[in-house]
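Novice: Let me give you the structure first, and then I'll get to my questions.
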Amino acid sequence: MPLPSEPLRKLGFLTIGLFDEADPGRGHTSTLEIIQLGEELGFDSAWLRHRHLQYGISSPVAVLAAASQRTSRIELGTAVIPLGWENPLRLAEDLATVDILSGGRLNPGVSVGPPMHYDQVKQALYPDTADAEDFSYERVRRLLGHVRGEPATDFHGVEGFEVFSDRVQPHAPGLGARMWYGGASLRSAQWAGEQGMNFLTSSVVKAEESEDFAEIQLSHIRTFRAHHPDGERARVSQGLVVIPTDTASPEQRAKYLAYAEKRLPRTATPQGPARMMFAPDFVGSSAEIAERLYRHAAFREIDEVAFALPFTFDHDDYVQILTDMATRLGPALGWQKTG
């Protein structure tokens with residue numbers, strides 16, 4: 001367990017990349033600048049959320065391709081790509097291409113299930129196959145097979161002047177070991193472990209065996225590792241919303257506290273038919289946040305994090321938060337900057 005004497009090994013952050021509909025370029029550029037800042041500050045990884053038909057990044061793989069050319073060391077991840085919107089073979093080609101461009105730094109995170117608001121969007125997304133699409137774990141298995149180099153066709157060789165491969169090209173060696181599953185249930189945790197994937201656990205879990213967030217998340221981590229070939233060495237990353245205020249202005253502190261206070265009521269009990277539990281946001285000095293994290297049962301089981309940035313803040317807020325994370329909170333958790 002990463003107690004004060006056992007340091008946090010990998011420090012990452014997660015952003016949604018919001019933009020103004022009238023000026024989307026500015027928001028996308030801001031996201032790229034935040035990723036560059038993350039590398040300069042020594043973060044181990046930067047992750048992008050995925051949003052469709054909203055004013056957040058709809059194509060994180062394309063944005064990470066751009067980020068790969070502006071950075072040289074930081075790992076680049078997606079948390080997560082909802083596979084209900086994707087063709088696994090085409091996505092595998094895109095992921096492999098970006099991994100090659102980045103020099104082997106891509107960490108794709110995925111999830112399954114029908115697309116959000118499927119009844120309203122299915123005619124645009126799958127006009128001919130809407131009722132036949134498979135949104136189960138099988139969609140992830142298909143993607144894993146393509147990424148790991150399994151045959152996609154029984155045809156290969158030369159036809160005329162063209163040469164054809166029977167597997168996805170380019171093939172990115174090592175990418176298959178860097179595939180992550182974003183899970184919020186015991187079933188997902190077990191399945192991800194059985195597939196030899198890595199596991200992303202966030203600030204949202206399903207209340208199944210308990211209504212205590214930390215206890216639920218801890219059970220997911222232990223279930224995942226119990227079913228993974230690597231056992232206790234299997235990689236898990238935790239993604240809580242963490243907002244250090246060490247160098248924040250009085251106005252920023254007031255904004256951050258108001259944000260967390262507005263979201264706090266939803267953390268008291270399971271929400272909706274799916275009984276989803278939300279973690280409280282962590283706002284305060286780095287010393288205060290570190291103390292709270294060391295009391296968090298699930299945090300004590302992991303040594304990698306991708307702290308989530310709040311969706312609605314300004315660029316300058318993210319600069320302050322990331323700077324405090326890297327220079328104050330990370331060291332308080334035993335993390336050391338590399339590179």
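Chain labels A, B, ... are given in the sequence in which chains occur in the structure tokens; within each chain residues are numbered consecutively from 1, and ligands are likewise numbered from 1 in the order shown.
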Need to verify the contact set: range 268-271 of chain A, 10 Å, only C-alpha atoms, exclusion of same-chain residues closer than 3 positions in sequence. Can you return it as a short mmCIF file (atom, residue, chain, number, x, y, z; two decimals) with N, CA and C atoms, in the first residue's frame?

Specialist:
```cif
data_model
loop_
_atom_site.label_atom_id
_atom_site.label_comp_id
_atom_site.auth_asym_id
_atom_site.auth_seq_id
_atom_site.Cartn_x
_atom_site.Cartn_y
_atom_site.Cartn_z
N VAL A 205 -18.45 4.84 -9.46
CA VAL A 205 -18.53 3.39 -9.36
C VAL A 205 -19.98 2.98 -9.15
N LYS A 206 -20.26 1.71 -9.35
CA LYS A 206 -21.61 1.18 -9.14
C LYS A 206 -21.72 0.62 -7.72
N ALA A 207 -22.75 1.06 -6.98
CA ALA A 207 -22.95 0.60 -5.61
C ALA A 207 -23.57 -0.79 -5.66
N GLU A 208 -22.76 -1.82 -5.53
CA GLU A 208 -23.24 -3.19 -5.56
C GLU A 208 -23.21 -3.80 -4.16
N SER A 210 -21.77 -2.39 -1.45
CA SER A 210 -21.63 -1.41 -0.39
C SER A 210 -22.12 -0.06 -0.90
N GLU A 211 -22.27 0.90 0.02
CA GLU A 211 -22.57 2.28 -0.36
C GLU A 211 -21.45 3.20 0.10
N ASP A 212 -20.29 2.64 0.39
CA ASP A 212 -19.11 3.42 0.74
C ASP A 212 -18.20 3.44 -0.49
N PHE A 213 -17.96 4.63 -1.05
CA PHE A 213 -17.24 4.72 -2.32
C PHE A 213 -15.88 4.04 -2.25
N LEU A 264 -21.36 18.08 -4.16
CA LEU A 264 -21.27 17.20 -2.99
C LEU A 264 -22.54 16.41 -2.72
N PRO A 265 -23.76 16.98 -2.85
CA PRO A 265 -24.95 16.21 -2.50
C PRO A 265 -25.09 14.88 -3.23
N ALA A 274 -29.14 2.76 -11.96
CA ALA A 274 -27.90 1.98 -11.97
C ALA A 274 -27.16 2.06 -10.64
N ARG A 275 -27.66 2.87 -9.71
CA ARG A 275 -27.06 3.02 -8.38
C ARG A 275 -25.58 3.39 -8.47
N MET A 276 -25.32 4.49 -9.15
CA MET A 276 -23.94 4.96 -9.30
C MET A 276 -23.56 5.81 -8.09
N MET A 277 -22.34 5.58 -7.59
CA MET A 277 -21.80 6.35 -6.48
C MET A 277 -20.70 7.28 -7.00
N PHE A 278 -20.74 8.53 -6.55
CA PHE A 278 -19.76 9.53 -6.96
C PHE A 278 -18.84 9.86 -5.79
N ALA A 279 -17.56 10.01 -6.08
CA ALA A 279 -16.60 10.39 -5.04
C ALA A 279 -16.65 11.90 -4.83
N PRO A 280 -16.50 12.36 -3.60
CA PRO A 280 -16.39 13.81 -3.38
C PRO A 280 -15.14 14.35 -4.06
#
```

Novice: CA of Ser188 in chain A to CA of Glu301 in chain A: how many Å, to one decimal?

Specialist: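 That distance, rounded to one decimal, is 18.1 Å.
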
Novice: Check the DSSP output for the backbone and give back, as an NGL selection string, the residues of range 96-287 of chain A in strand (DSSP E).

Specialist: :A and (106-111 or 157-159 or 162-164 or 180-182 or 198-202 or 204-206 or 236-239 or 242-244 or 276-278 or 282-284)

Novice: I'd like the neighbourhood of range 129-142 of chain A as a list in words, where a residue qualifies if any of its atoms comes within 8 Å (using only C-alpha atoms), though same-chain residues fewer than 2 positions away should be ignored.

Specialist: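 Residues meeting the cut-off are Leu83, Gly84, Pro88, Leu89, Val110, Ser111, Val112, Gly113, Pro114, Lys122, Gln123, Leu125, Tyr126, Pro127, Leu144, Gly145 and His146 of chain A.
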
Novice: Using N, CA, C and O atoms, can you write the selected residues to a file as a JSON list (two decimals), in the first residue's frame?

Specialist:
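Ended up saving to out_4.json:
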```json
[["chain", "number", "residue", "atom", "x", "y", "z"],
["A", 83, "LEU", "N", -16.74, 2.45, -27.03],
["A", 83, "LEU", "CA", -16.63, 1.67, -28.26],
["A", 83, "LEU", "C", -17.94, 1.53, -29.01],
["A", 83, "LEU", "O", -17.94, 1.13, -30.18],
["A", 84, "GLY", "N", -19.06, 1.87, -28.38],
["A", 84, "GLY", "CA", -20.33, 1.83, -29.09],
["A", 84, "GLY", "C", -20.38, 2.75, -30.29],
["A", 84, "GLY", "O", -21.19, 2.57, -31.19],
["A", 88, "PRO", "N", -14.20, -1.36, -34.43],
["A", 88, "PRO", "CA", -12.95, -1.80, -33.81],
["A", 88, "PRO", "C", -11.76, -1.89, -34.75],
["A", 88, "PRO", "O", -10.64, -1.54, -34.37],
["A", 89, "LEU", "N", -11.98, -2.35, -35.99],
["A", 89, "LEU", "CA", -10.85, -2.47, -36.91],
["A", 89, "LEU", "C", -10.31, -1.08, -37.28],
["A", 89, "LEU", "O", -9.10, -0.85, -37.26],
["A", 110, "VAL", "N", -10.73, 2.25, -23.00],
["A", 110, "VAL", "CA", -12.01, 2.06, -23.68],
["A", 110, "VAL", "C", -13.07, 1.58, -22.71],
["A", 110, "VAL", "O", -12.77, 1.15, -21.58],
["A", 111, "SER", "N", -14.31, 1.65, -23.15],
["A", 111, "SER", "CA", -15.44, 1.10, -22.39],
["A", 111, "SER", "C", -16.48, 0.60, -23.38],
["A", 111, "SER", "O", -16.40, 0.90, -24.58],
["A", 112, "VAL", "N", -17.47, -0.14, -22.88],
["A", 112, "VAL", "CA", -18.51, -0.66, -23.76],
["A", 112, "VAL", "C", -19.89, -0.18, -23.31],
["A", 112, "VAL", "O", -20.02, 0.51, -22.31],
["A", 113, "GLY", "N", -20.90, -0.60, -24.06],
["A", 113, "GLY", "CA", -22.27, -0.20, -23.78],
["A", 113, "GLY", "C", -22.83, 0.59, -24.95],
["A", 113, "GLY", "O", -22.08, 1.11, -25.78],
["A", 114, "PRO", "N", -24.15, 0.68, -25.05],
["A", 114, "PRO", "CA", -24.76, 1.46, -26.13],
["A", 114, "PRO", "C", -24.37, 2.93, -26.02],
["A", 114, "PRO", "O", -24.14, 3.45, -24.93],
["A", 122, "LYS", "N", -29.17, 6.70, -33.15],
["A", 122, "LYS", "CA", -28.84, 5.47, -33.87],
["A", 122, "LYS", "C", -29.06, 5.55, -35.37],
["A", 122, "LYS", "O", -28.33, 4.93, -36.15],
["A", 123, "GLN", "N", -30.03, 6.34, -35.81],
["A", 123, "GLN", "CA", -30.26, 6.44, -37.25],
["A", 123, "GLN", "C", -29.14, 7.19, -37.95],
["A", 123, "GLN", "O", -28.88, 6.96, -39.14],
["A", 125, "LEU", "N", -25.96, 7.14, -36.68],
["A", 125, "LEU", "CA", -24.75, 6.36, -36.44],
["A", 125, "LEU", "C", -24.76, 5.02, -37.15],
["A", 125, "LEU", "O", -23.79, 4.64, -37.81],
["A", 126, "TYR", "N", -25.86, 4.28, -37.03],
["A", 126, "TYR", "CA", -25.97, 2.95, -37.64],
["A", 126, "TYR", "C", -27.33, 2.82, -38.34],
["A", 126, "TYR", "O", -28.21, 2.07, -37.89],
["A", 127, "PRO", "N", -27.54, 3.53, -39.45],
["A", 127, "PRO", "CA", -28.86, 3.55, -40.08],
["A", 127, "PRO", "C", -29.34, 2.18, -40.57],
["A", 127, "PRO", "O", -30.54, 1.94, -40.63],
["A", 144, "LEU", "N", -9.03, -5.60, -29.19],
["A", 144, "LEU", "CA", -7.80, -6.17, -28.65],
["A", 144, "LEU", "C", -7.12, -7.09, -29.66],
["A", 144, "LEU", "O", -5.90, -7.06, -29.83],
["A", 145, "GLY", "N", -7.91, -7.91, -30.33],
["A", 145, "GLY", "CA", -7.35, -8.81, -31.33],
["A", 145, "GLY", "C", -6.65, -8.05, -32.44],
["A", 145, "GLY", "O", -5.53, -8.40, -32.85],
["A", 146, "HIS", "N", -7.30, -7.01, -32.94],
["A", 146, "HIS", "CA", -6.70, -6.23, -34.02],
["A", 146, "HIS", "C", -5.43, -5.52, -33.55],
["A", 146, "HIS", "O", -4.43, -5.48, -34.26]]
```
